[in-house]
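Here is the file target26.cif (mmCIF, C-alpha atoms).
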```cif
data_run
loop_
_atom_site.label_atom_id
_atom_site.label_comp_id
_atom_site.auth_asym_id
_atom_site.auth_seq_id
_atom_site.Cartn_x
_atom_site.Cartn_y
_atom_site.Cartn_z
CA MET T 1 21.85 175.00 50.71
CA ALA T 2 24.09 171.94 50.82
CA LYS T 3 23.15 169.20 48.40
CA ARG T 4 21.10 166.49 50.07
CA ASN T 5 22.39 162.90 49.76
CA ALA T 6 20.28 160.52 47.71
CA ASN T 7 18.23 157.90 49.51
CA GLY T 8 20.53 155.05 50.60
CA GLU T 9 23.70 156.96 49.78
CA GLY T 10 24.54 157.44 53.45
CA SER T 11 25.69 160.43 55.42
CA ILE T 12 28.84 161.57 57.23
CA TYR T 13 29.01 164.13 60.02
CA GLN T 14 31.19 165.15 62.95
CA ARG T 15 29.95 164.33 66.42
CA LYS T 16 30.12 166.61 69.45
CA ASP T 17 33.00 164.52 70.88
CA GLY T 18 35.10 165.32 67.78
CA ARG T 19 34.86 161.88 66.14
CA TRP T 20 33.33 161.41 62.72
CA GLU T 21 30.36 159.08 62.12
CA GLY T 22 29.07 157.64 58.89
CA ILE T 23 25.65 156.06 58.41
CA ALA T 24 24.59 153.83 55.52
CA PHE T 25 22.13 151.02 54.86
CA ALA T 26 23.87 147.64 54.93
CA LEU T 27 22.76 144.17 53.86
CA ARG T 28 22.00 141.80 56.75
CA THR T 29 22.28 138.02 56.81
CA ASP T 30 18.47 137.64 56.53
CA GLY T 31 18.45 139.58 53.24
CA THR T 32 17.05 142.85 54.64
CA TYR T 33 18.81 146.20 54.96
CA LYS T 34 19.45 148.11 58.17
CA ARG T 35 21.11 151.39 59.06
CA ARG T 36 24.68 150.81 60.20
CA SER T 37 27.10 153.32 61.75
CA VAL T 38 30.86 153.43 61.34
CA TYR T 39 33.29 155.69 63.17
CA GLY T 40 36.71 157.26 62.67
CA LYS T 41 39.03 160.09 63.61
CA THR T 42 38.80 161.86 60.22
CA ARG T 43 36.14 162.37 57.57
CA ASP T 44 38.23 160.55 54.96
CA GLU T 45 38.61 157.50 57.21
CA VAL T 46 34.85 157.31 57.74
CA HIS T 47 34.18 157.92 54.05
CA ASP T 48 36.34 154.89 53.18
CA LYS T 49 34.45 152.73 55.69
CA VAL T 50 31.07 153.83 54.35
CA THR T 51 32.23 153.14 50.79
CA ARG T 52 33.39 149.61 51.71
CA LEU T 53 30.15 148.98 53.60
CA LYS T 54 28.02 149.93 50.58
CA ALA T 55 30.27 148.02 48.19
CA ASP T 56 29.96 144.82 50.28
CA SER T 57 26.18 145.20 50.33
CA GLN T 58 26.06 145.64 46.57
CA ASN T 59 28.20 142.51 46.15
CA GLY T 60 25.87 140.49 48.37
CA ILE T 61 28.19 140.32 51.37
CA PRO T 62 26.13 140.77 54.56
CA VAL T 63 27.37 142.75 57.52
CA ALA T 64 28.45 140.82 60.61
CA THR T 65 26.16 141.08 63.62
CA SER T 66 27.95 139.16 66.38
CA LYS T 67 29.19 141.12 69.40
CA MET T 68 31.22 138.27 70.88
CA ASP T 69 34.98 138.29 71.07
CA LEU T 70 36.93 135.37 69.64
CA GLY T 71 37.61 133.82 73.05
CA GLU T 72 33.88 133.62 73.83
CA TYR T 73 33.09 132.19 70.45
CA MET T 74 35.83 129.52 70.67
CA THR T 75 34.41 128.42 74.02
CA TYR T 76 30.96 128.13 72.44
CA TRP T 77 32.34 126.29 69.40
CA LEU T 78 34.28 123.77 71.47
CA ALA T 79 31.32 122.93 73.71
CA ASN T 80 28.54 122.88 71.12
CA VAL T 81 30.21 121.93 67.84
CA ALA T 82 33.62 120.29 68.20
CA ARG T 83 32.69 118.08 71.15
CA LEU T 84 29.83 116.56 69.15
CA LYS T 85 31.75 116.02 65.90
CA VAL T 86 35.22 114.74 66.75
CA ARG T 87 36.71 111.94 68.83
CA LEU T 88 37.47 112.57 72.50
CA SER T 89 41.22 112.57 71.93
CA THR T 90 40.84 115.09 69.08
CA TYR T 91 38.58 117.28 71.21
CA ALA T 92 41.15 117.22 74.03
CA ALA T 93 43.81 118.42 71.56
CA TYR T 94 41.49 121.19 70.31
CA GLU T 95 40.70 122.34 73.84
CA SER T 96 44.36 122.42 74.84
CA LEU T 97 45.39 124.46 71.79
CA VAL T 98 42.53 126.92 72.23
CA ARG T 99 43.27 127.35 75.96
CA ASN T 100 47.05 127.66 75.65
CA TYR T 101 47.44 129.51 72.35
CA ILE T 102 44.33 130.99 70.70
CA THR T 103 42.59 132.47 73.74
CA PRO T 104 45.73 134.20 75.14
CA GLY T 105 46.78 135.41 71.70
CA LEU T 106 43.51 136.40 70.01
CA GLY T 107 40.82 135.87 72.62
CA LYS T 108 40.03 139.56 73.25
CA LYS T 109 39.69 140.40 69.56
CA LYS T 110 36.10 141.08 68.50
CA LEU T 111 34.87 138.29 66.25
CA THR T 112 33.54 140.75 63.66
CA ARG T 113 36.79 142.73 63.58
CA LEU T 114 39.13 139.78 63.18
CA THR T 115 41.18 140.02 60.00
CA ALA T 116 43.49 137.74 58.06
CA ARG T 117 46.36 140.00 59.10
CA ASP T 118 45.51 139.45 62.79
CA ILE T 119 45.59 135.69 62.34
CA ARG T 120 48.81 135.71 60.34
CA SER T 121 50.55 137.92 62.90
CA PHE T 122 49.34 135.66 65.71
CA LEU T 123 50.69 132.52 64.02
CA VAL T 124 54.06 134.12 63.24
CA SER T 125 54.52 135.44 66.78
CA THR T 126 53.43 132.11 68.28
CA ALA T 127 56.02 130.22 66.23
CA ARG T 128 58.75 132.51 67.61
CA LYS T 129 57.62 132.49 71.24
CA CYS T 130 58.94 130.09 73.89
CA GLN T 131 55.81 128.44 75.25
CA CYS T 132 57.45 127.60 78.55
CA CYS T 133 57.87 131.33 79.13
CA ALA T 134 54.49 132.28 77.63
CA GLN T 135 52.52 129.75 79.69
CA GLY T 136 54.62 130.05 82.85
CA LYS T 137 55.29 126.31 82.93
CA ASP T 138 58.54 126.64 84.87
CA LYS T 139 57.04 129.03 87.42
CA ALA T 140 54.34 126.48 88.18
CA ARG T 141 56.96 123.94 89.26
CA PRO T 142 58.20 123.70 92.86
CA GLU T 143 61.02 126.18 93.45
CA ARG T 144 63.66 123.46 93.76
CA LYS T 145 62.72 122.11 90.29
CA ARG T 146 62.76 125.40 88.41
CA ARG T 147 65.48 125.41 85.80
CA CYS T 148 64.64 127.76 82.91
CA CYS T 149 62.28 130.72 82.41
CA ALA T 150 61.56 131.20 86.14
CA VAL T 151 65.28 131.68 86.78
CA GLY T 152 66.01 133.72 83.66
CA GLN T 153 67.26 130.91 81.42
CA CYS T 154 64.92 130.51 78.45
CA CYS T 155 64.70 126.89 77.36
CA GLU T 156 63.53 127.90 73.86
CA GLN T 157 60.55 125.56 73.89
CA PHE T 158 59.12 126.78 70.59
CA PRO T 159 55.96 125.16 69.19
CA SER T 160 56.46 122.78 66.29
CA ASP T 161 55.55 123.65 62.73
CA ARG T 162 52.75 121.07 62.96
CA THR T 163 51.31 122.81 66.04
CA VAL T 164 51.24 126.20 64.31
CA ARG T 165 49.51 124.70 61.29
CA PHE T 166 46.98 122.94 63.48
CA LEU T 167 46.11 126.29 65.10
CA LEU T 168 45.21 127.61 61.66
CA VAL T 169 43.13 124.49 60.97
CA ILE T 170 41.14 125.05 64.18
CA LEU T 171 40.57 128.73 63.42
CA ARG T 172 39.38 127.94 59.91
CA ALA T 173 36.94 125.31 61.19
CA ALA T 174 35.55 127.53 63.97
CA LEU T 175 35.16 130.63 61.79
CA GLN T 176 33.56 128.60 59.02
CA HIS T 177 30.91 127.49 61.49
CA ALA T 178 30.40 131.14 62.46
CA VAL T 179 29.73 131.88 58.79
CA ARG T 180 27.19 129.04 58.62
CA GLU T 181 25.42 130.43 61.68
CA ASP T 182 25.37 133.94 60.13
CA GLU T 183 27.65 135.34 62.83
CA LEU T 184 30.22 136.36 60.19
CA PRO T 185 29.92 137.30 56.51
CA ARG T 186 33.06 135.38 55.52
CA ASN T 187 35.86 133.23 56.89
CA VAL T 188 38.94 135.45 57.04
CA ALA T 189 41.13 132.51 58.14
CA ARG T 190 40.78 131.04 54.66
CA ASN T 191 42.84 133.93 53.32
CA VAL T 192 45.80 133.00 55.52
CA GLU T 193 48.49 130.85 53.94
CA LEU T 194 51.60 129.52 55.64
CA SER T 195 54.92 128.60 54.09
CA ALA T 196 55.55 125.01 53.05
CA GLY T 197 57.32 124.34 56.35
CA THR T 198 59.31 121.23 57.20
CA LYS T 199 58.05 117.70 56.91
CA ARG T 200 58.92 115.18 59.60
CA GLU T 201 61.32 112.64 58.20
CA ILE T 202 60.03 109.11 58.71
CA GLU T 203 62.26 106.17 57.88
CA PRO T 204 60.59 102.91 58.90
CA LEU T 205 62.49 99.81 59.87
CA THR T 206 64.06 97.74 57.13
CA ALA T 207 63.16 94.10 56.63
CA LYS T 208 66.40 93.12 58.39
CA GLU T 209 65.65 95.39 61.36
CA GLY T 210 62.11 94.04 61.50
CA ARG T 211 63.43 90.47 61.70
CA GLN T 212 65.84 91.42 64.48
CA LEU T 213 63.12 93.18 66.43
CA LEU T 214 60.62 90.33 66.24
CA ALA T 215 63.29 87.72 67.02
CA VAL T 216 64.21 89.49 70.27
CA ALA T 217 60.53 90.15 71.06
CA ARG T 218 59.71 86.46 71.05
CA GLY T 219 60.41 86.16 74.77
CA ASN T 220 58.52 89.35 75.63
CA ARG T 221 55.04 89.53 77.19
CA LEU T 222 54.07 91.87 74.36
CA TRP T 223 55.46 89.70 71.56
CA ALA T 224 52.05 89.38 69.91
CA ALA T 225 51.55 93.17 70.04
CA TYR T 226 54.76 93.75 68.08
CA GLU T 227 53.84 91.04 65.58
CA LEU T 228 50.46 92.69 64.95
CA ALA T 229 52.04 96.14 64.58
CA VAL T 230 54.78 95.04 62.16
CA ARG T 231 52.91 92.50 60.07
CA ILE T 232 49.41 94.01 59.75
CA GLY T 233 50.02 97.63 60.82
CA LEU T 234 47.68 97.96 63.80
CA ARG T 235 47.76 101.29 65.65
CA ARG T 236 48.80 101.38 69.30
CA GLY T 237 45.24 101.96 70.52
CA GLU T 238 43.92 99.20 68.25
CA VAL T 239 46.44 96.72 69.66
CA LEU T 240 45.64 97.57 73.28
CA GLY T 241 41.88 97.61 72.63
CA LEU T 242 41.81 94.25 70.87
CA ARG T 243 39.43 91.68 72.43
CA TRP T 244 39.52 87.91 72.17
CA ARG T 245 35.98 87.89 70.79
CA ASP T 246 37.33 89.87 67.80
CA VAL T 247 40.09 87.34 67.11
CA ASP T 248 39.40 84.17 65.14
CA LEU T 249 42.52 82.04 65.43
CA HIS T 250 40.90 79.13 63.56
CA GLU T 251 40.13 81.19 60.43
CA GLY T 252 43.09 83.52 60.95
CA VAL T 253 41.13 86.78 60.97
CA VAL T 254 41.06 89.79 63.31
CA THR T 255 38.30 92.41 63.42
CA ILE T 256 39.08 95.94 64.64
CA ARG T 257 36.10 97.32 66.53
CA GLN T 258 37.52 99.49 69.32
CA THR T 259 40.59 101.33 70.56
CA ILE T 260 42.02 102.36 73.93
CA GLN T 261 43.16 105.95 74.53
CA ARG T 262 44.11 108.11 77.47
CA VAL T 263 42.02 111.29 77.38
CA GLY T 264 41.90 113.88 80.13
CA GLY T 265 43.65 111.61 82.60
CA GLU T 266 41.30 108.67 81.97
CA LEU T 267 41.86 105.45 80.06
CA LEU T 268 38.87 105.19 77.72
CA ILE T 269 37.58 102.68 75.19
CA ALA T 270 36.50 104.42 72.00
CA ALA T 271 35.50 103.65 68.43
CA PRO T 272 38.25 103.28 65.82
CA LYS T 273 39.79 106.44 64.41
CA THR T 274 37.62 106.58 61.28
CA GLN T 275 34.78 104.59 59.77
CA ARG T 276 37.25 102.81 57.49
CA SER T 277 39.44 101.95 60.50
CA ALA T 278 36.79 99.45 61.63
CA ARG T 279 37.97 96.57 59.45
CA ARG T 280 38.71 92.85 59.11
CA VAL T 281 42.30 91.81 58.44
CA ALA T 282 43.73 88.39 57.65
CA LEU T 283 46.25 87.18 60.21
CA PRO T 284 49.64 85.85 59.03
CA ASP T 285 50.65 82.51 60.54
CA GLU T 286 53.27 84.25 62.72
CA CYS T 287 50.58 86.46 64.29
CA VAL T 288 48.36 83.43 64.95
CA ALA T 289 51.22 81.65 66.71
CA ALA T 290 52.03 84.72 68.81
CA LEU T 291 48.37 85.17 69.80
CA ARG T 292 48.07 81.51 70.83
CA ALA T 293 51.12 81.98 73.05
CA ARG T 294 49.61 85.17 74.43
CA ARG T 295 46.34 83.42 75.32
CA ALA T 296 48.17 80.64 77.16
CA GLU T 297 50.25 83.23 79.03
CA GLN T 298 47.14 85.20 80.01
CA GLN T 299 45.45 82.08 81.35
CA GLY T 300 48.54 81.47 83.48
CA ASP T 301 48.39 85.07 84.76
CA LYS T 302 44.75 84.60 85.72
CA ARG T 303 45.45 81.42 87.68
CA ALA T 304 48.40 83.02 89.45
CA ALA T 305 46.45 86.17 90.39
CA GLY T 306 43.47 84.26 91.74
CA ASP T 307 41.04 86.59 93.52
CA LYS T 308 43.22 89.59 92.63
CA TRP T 309 42.46 89.18 88.93
CA LYS T 310 40.62 92.29 87.68
CA GLY T 311 40.10 91.39 84.06
CA ASP T 312 36.77 89.55 84.24
CA GLY T 313 34.45 90.85 81.52
CA SER T 314 37.01 93.04 79.74
CA ASP T 315 38.13 90.25 77.35
CA LEU T 316 41.19 92.27 76.31
CA VAL T 317 44.02 90.41 74.60
CA PHE T 318 46.73 92.55 76.18
CA MET T 319 46.51 93.14 79.93
CA THR T 320 48.81 93.37 82.90
CA LYS T 321 49.46 90.39 85.18
CA ASN T 322 46.54 91.57 87.34
CA GLY T 323 44.09 91.86 84.45
CA THR T 324 44.04 95.64 84.05
CA PRO T 325 44.37 97.44 80.67
CA ILE T 326 47.89 98.35 79.61
CA GLU T 327 48.77 102.04 79.76
CA PRO T 328 49.62 103.26 76.20
CA ARG T 329 52.74 105.06 77.43
CA ASN T 330 53.97 101.88 79.09
CA LEU T 331 53.77 100.15 75.70
CA ASN T 332 55.91 102.95 74.28
CA ARG T 333 58.50 102.49 77.03
CA SER T 334 58.56 98.74 76.53
CA PHE T 335 59.04 99.21 72.79
CA THR T 336 61.97 101.62 73.26
CA ALA T 337 63.67 99.10 75.53
CA LEU T 338 63.04 96.38 72.95
CA CYS T 339 64.70 98.46 70.20
CA ASP T 340 67.79 98.80 72.39
CA ARG T 341 67.95 95.06 73.11
CA ALA T 342 67.46 94.21 69.44
CA LYS T 343 70.14 96.76 68.47
CA VAL T 344 67.89 98.52 65.94
CA ARG T 345 67.20 102.22 65.48
CA ARG T 346 64.91 103.82 68.03
CA VAL T 347 61.66 104.66 66.25
CA ARG T 348 58.15 105.40 67.46
CA PHE T 349 55.74 102.52 67.98
CA HIS T 350 53.56 104.14 65.30
CA ASP T 351 56.49 103.81 62.88
CA LEU T 352 55.90 100.04 62.90
CA ARG T 353 52.72 100.89 60.98
CA HIS T 354 54.84 102.73 58.42
CA THR T 355 57.15 99.71 58.36
CA CYS T 356 54.23 97.41 57.53
CA ALA T 357 53.04 99.68 54.70
CA SER T 358 56.52 100.04 53.19
CA LEU T 359 57.29 96.31 53.35
CA LEU T 360 53.96 95.50 51.67
CA HIS T 361 54.70 98.08 48.99
CA GLU T 362 58.24 96.79 48.40
CA ARG T 363 56.94 93.21 48.09
CA GLY T 364 54.51 94.19 45.33
CA ALA T 365 51.22 94.64 47.22
CA ASP T 366 48.90 97.01 45.34
CA ALA T 367 47.82 100.32 46.89
CA ARG T 368 44.23 99.16 47.43
CA THR T 369 45.36 96.17 49.48
CA ILE T 370 47.65 98.30 51.65
CA MET T 371 44.85 100.83 52.14
CA GLU T 372 42.42 98.11 53.31
CA VAL T 373 44.98 96.55 55.66
CA LEU T 374 45.79 99.87 57.33
CA GLY T 375 42.19 101.10 57.33
CA HIS T 376 42.83 104.38 55.54
CA SER T 377 40.01 106.48 54.14
CA SER T 378 41.87 107.22 50.89
CA ILE T 379 44.65 105.74 48.79
CA ARG T 380 46.36 109.12 48.74
CA VAL T 381 47.04 108.91 52.50
CA THR T 382 48.45 105.42 52.04
CA MET T 383 50.79 106.31 49.19
CA ASP T 384 51.85 109.83 50.24
CA ILE T 385 52.44 109.26 53.94
CA TYR T 386 52.80 105.58 54.75
CA THR T 387 54.80 104.10 51.91
CA PHE T 388 58.54 104.71 51.87
CA VAL T 389 60.74 103.93 48.85
CA ARG T 390 64.21 102.97 50.02
CA LEU T 391 67.40 103.63 48.07
CA ASP T 392 67.84 99.89 47.53
CA SER T 393 64.44 99.75 45.85
CA GLN T 394 65.32 102.73 43.70
CA ARG T 395 68.59 101.10 42.63
CA ALA T 396 66.79 97.85 41.80
CA ALA T 397 64.32 99.77 39.65
CA PHE T 398 67.15 101.61 37.88
CA ASP T 399 68.88 98.28 37.25
CA ARG T 400 65.74 96.97 35.54
CA VAL T 401 65.59 100.10 33.39
CA GLY T 402 69.28 99.70 32.59
CA ASP T 403 68.72 96.09 31.53
CA ALA T 404 65.98 97.25 29.17
CA LEU T 405 68.26 99.86 27.60
CA ARG T 406 71.23 97.59 27.02
CA ASP T 407 71.83 96.33 23.45
CA GLY T 408 70.31 92.96 22.71
CA ASN T 409 68.15 92.66 25.83
CA GLU T 410 64.91 93.67 24.16
CA PRO T 411 64.05 93.43 20.46
CA ASP T 412 63.50 96.65 18.56
CA ASP T 413 59.78 96.89 17.74
CA ASP T 414 60.62 98.50 14.39
CA ALA T 415 63.47 96.12 13.47
CA GLY T 416 63.14 94.83 9.91
CA ALA T 417 60.52 97.40 9.01
CA GLY T 418 62.98 99.61 7.16
CA SER T 419 62.56 102.45 9.60
CA VAL T 420 65.33 104.92 10.34
CA PRO T 421 66.21 105.32 14.05
CA ALA T 422 65.22 108.70 15.40
CA ALA T 423 68.04 111.01 16.47
CA VAL T 424 68.36 111.56 20.19
#
```

Would you write out, as structure tokens, the structure that this file holds?
Amino acid sequence: MAKRNANGEGSIYQRKDGRWEGIAFALRTDGTYKRRSVYGKTRDEVHDKVTRLKADSQNGIPVATSKMDLGEYMTYWLANVARLKVRLSTYAAYESLVRNYITPGLGKKKLTRLTARDIRSFLVSTARKCQCCAQGKDKARPERKRRCCAVGQCCEQFPSDRTVRFLLVILRAALQHAVREDELPRNVARNVELSAGTKREIEPLTAKEGRQLLAVARGNRLWAAYELAVRIGLRRGEVLGLRWRDVDLHEGVVTIRQTIQRVGGELLIAAPKTQRSARRVALPDECVAALRARRAEQQGDKRAAGDKWKGDGSDLVFMTKNGTPIEPRNLNRSFTALCDRAKVRRVRFHDLRHTCASLLHERGADARTIMEVLGHSSIRVTMDIYTFVRLDSQRAAFDRVGDALRDGNEPDDDAGAGSVPAAV
């Protein structure tokens, strides 16, 4: 008679349909053991699966129980986890990336069968795929406006390196939650690593360019907005969401309590980006002067609009002539036009925040002060991302080192002590 397998060892046999099936007891997430079947085309394939199943159980790794595919789980995670934890603008970005990239690429893959190789292959193929073609963007346009993939001319609209990395961030967060809810034994996305990639080059405005910009902005309706962005580094949403009740022109202090963002087609007032972003910042005299001019201009707008004024109760510092909030994209357009008039490099409005940080750093402000002004959650973000050391600053530092190394500029600490200079 054939030798009988020991209790718990498992068994392997061929089914009537020709496939092989292996059965073994596997550890579950609640700490108990349950019979689990695995299948394959050959006995050796099934034997390997049974061996891995028993090895995982012995190592304390429970077997996954979820029957959902990744697309279903991402829908659940967005609605019940991400929506409750992140800001509306962040959630909108998550939803867009899941809908346009993750669901089409990995959505039909069973959650329990997802591997690190699947995720890596998905990210690599996504980076090489024109998203205009993949998402049919050109085909959705009216026929007279079609100009690329719908007419056989690929526009090579590849996703950015940042987008691909953000897809991995989302997958890691979602799968980690699946682990916490005992849907998965481990987070396979953590085993996926991407290459270093390319870092976006940011070169903020110089002090000279900043002076030119603010000089030309003086006659602009948004003069105070540019002053606040350059001198104290306010974000675009913080500028547009600023209220008069949060501005103390007598003491020269501004308090950041809210921001304006466009999310899902709506202009919404939201809390600052992070807890540290809600902050009090001292106002330079130039900002106070610009805000006084802005208040006088707004009062004139209100008188001129009369009954058509729509700003009652909003108390916003920056509004249109009719009292409505300013569209964030319109601020961007106005800023681009201002750069052209001032004859300075075209940069993003957000780069004025980088300009503020770099100018503070160059003028000797310590990292803690810059961090508090910008409302960062850590000094590392301030120093690694927002401060920029220009070549002129490097040369000045080298000159100071050179002065120290020249003969006669600094006394030798060991002079007169009879010591012999060390060989270099």

(request) Tell me, in Å to one decimal, how far atom CA of Gly252 of chain T is from atom CA of Arg231 of chain T. (result)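 Separation between atom CA of Gly252 of chain T and atom CA of Arg231 of chain T: 13.3 Å.
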
Please produce, as a tab-separated table, a per-residue contact table for segment 138-238 of chain T versus segment 318-323 of chain T (criterion: any atom at most 10 Å away, all atoms listed in the file considered), showing the nearest atom pair and its distance in Å to one decimal, sorted by chain then residue number.
```
residue	atom	partner	partner_atom	distance
T:Arg221	CA	T:Phe318	CA	8.9
T:Leu222	CA	T:Phe318	CA	7.6
T:Ala224	CA	T:Phe318	CA	8.8
T:Ala225	CA	T:Phe318	CA	7.8
```

(request) Identify which of the residues T:Thr382, T:Ser334, T:Thr51, T:Thr32 lies closest to Ala357 of chain T, counting only C-alpha atoms when measuring atom-to-atom distances. (result)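 Checking each candidate against Ala357 of chain T, we get T:Thr382 as the closest.
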
(message) What does the structure give for the distance between atom CA of Leu106 of chain T and atom CA of Tyr39 of chain T, in Å to one decimal?
(response)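 Rounded to one decimal, the two atoms are 22.9 Å apart.
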
(request) Could you tell me which residues the PyMOL selection byres ((chain T and resi 93) around 12) grabs in this file, written as an NGL selection string? (result) :T and (78 or 82-83 or 86-92 or 94-101 or 163 or 166-167 or 170 or 262-264)

(request) Could you tell me which of T:Ile370, T:Ala215, T:Leu267, T:Leu249 comes closest to Arg294 of chain T if we count only C-alpha atoms? (result) T:Leu249

(request) Quick one: pull the distance between atom CA of Ser121 of chain T and atom CA of Asp161 of chain T, Å, one decimal. (result)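 Taking atom CA of Ser121 of chain T and atom CA of Asp161 of chain T, their separation equals 15.1 Å.
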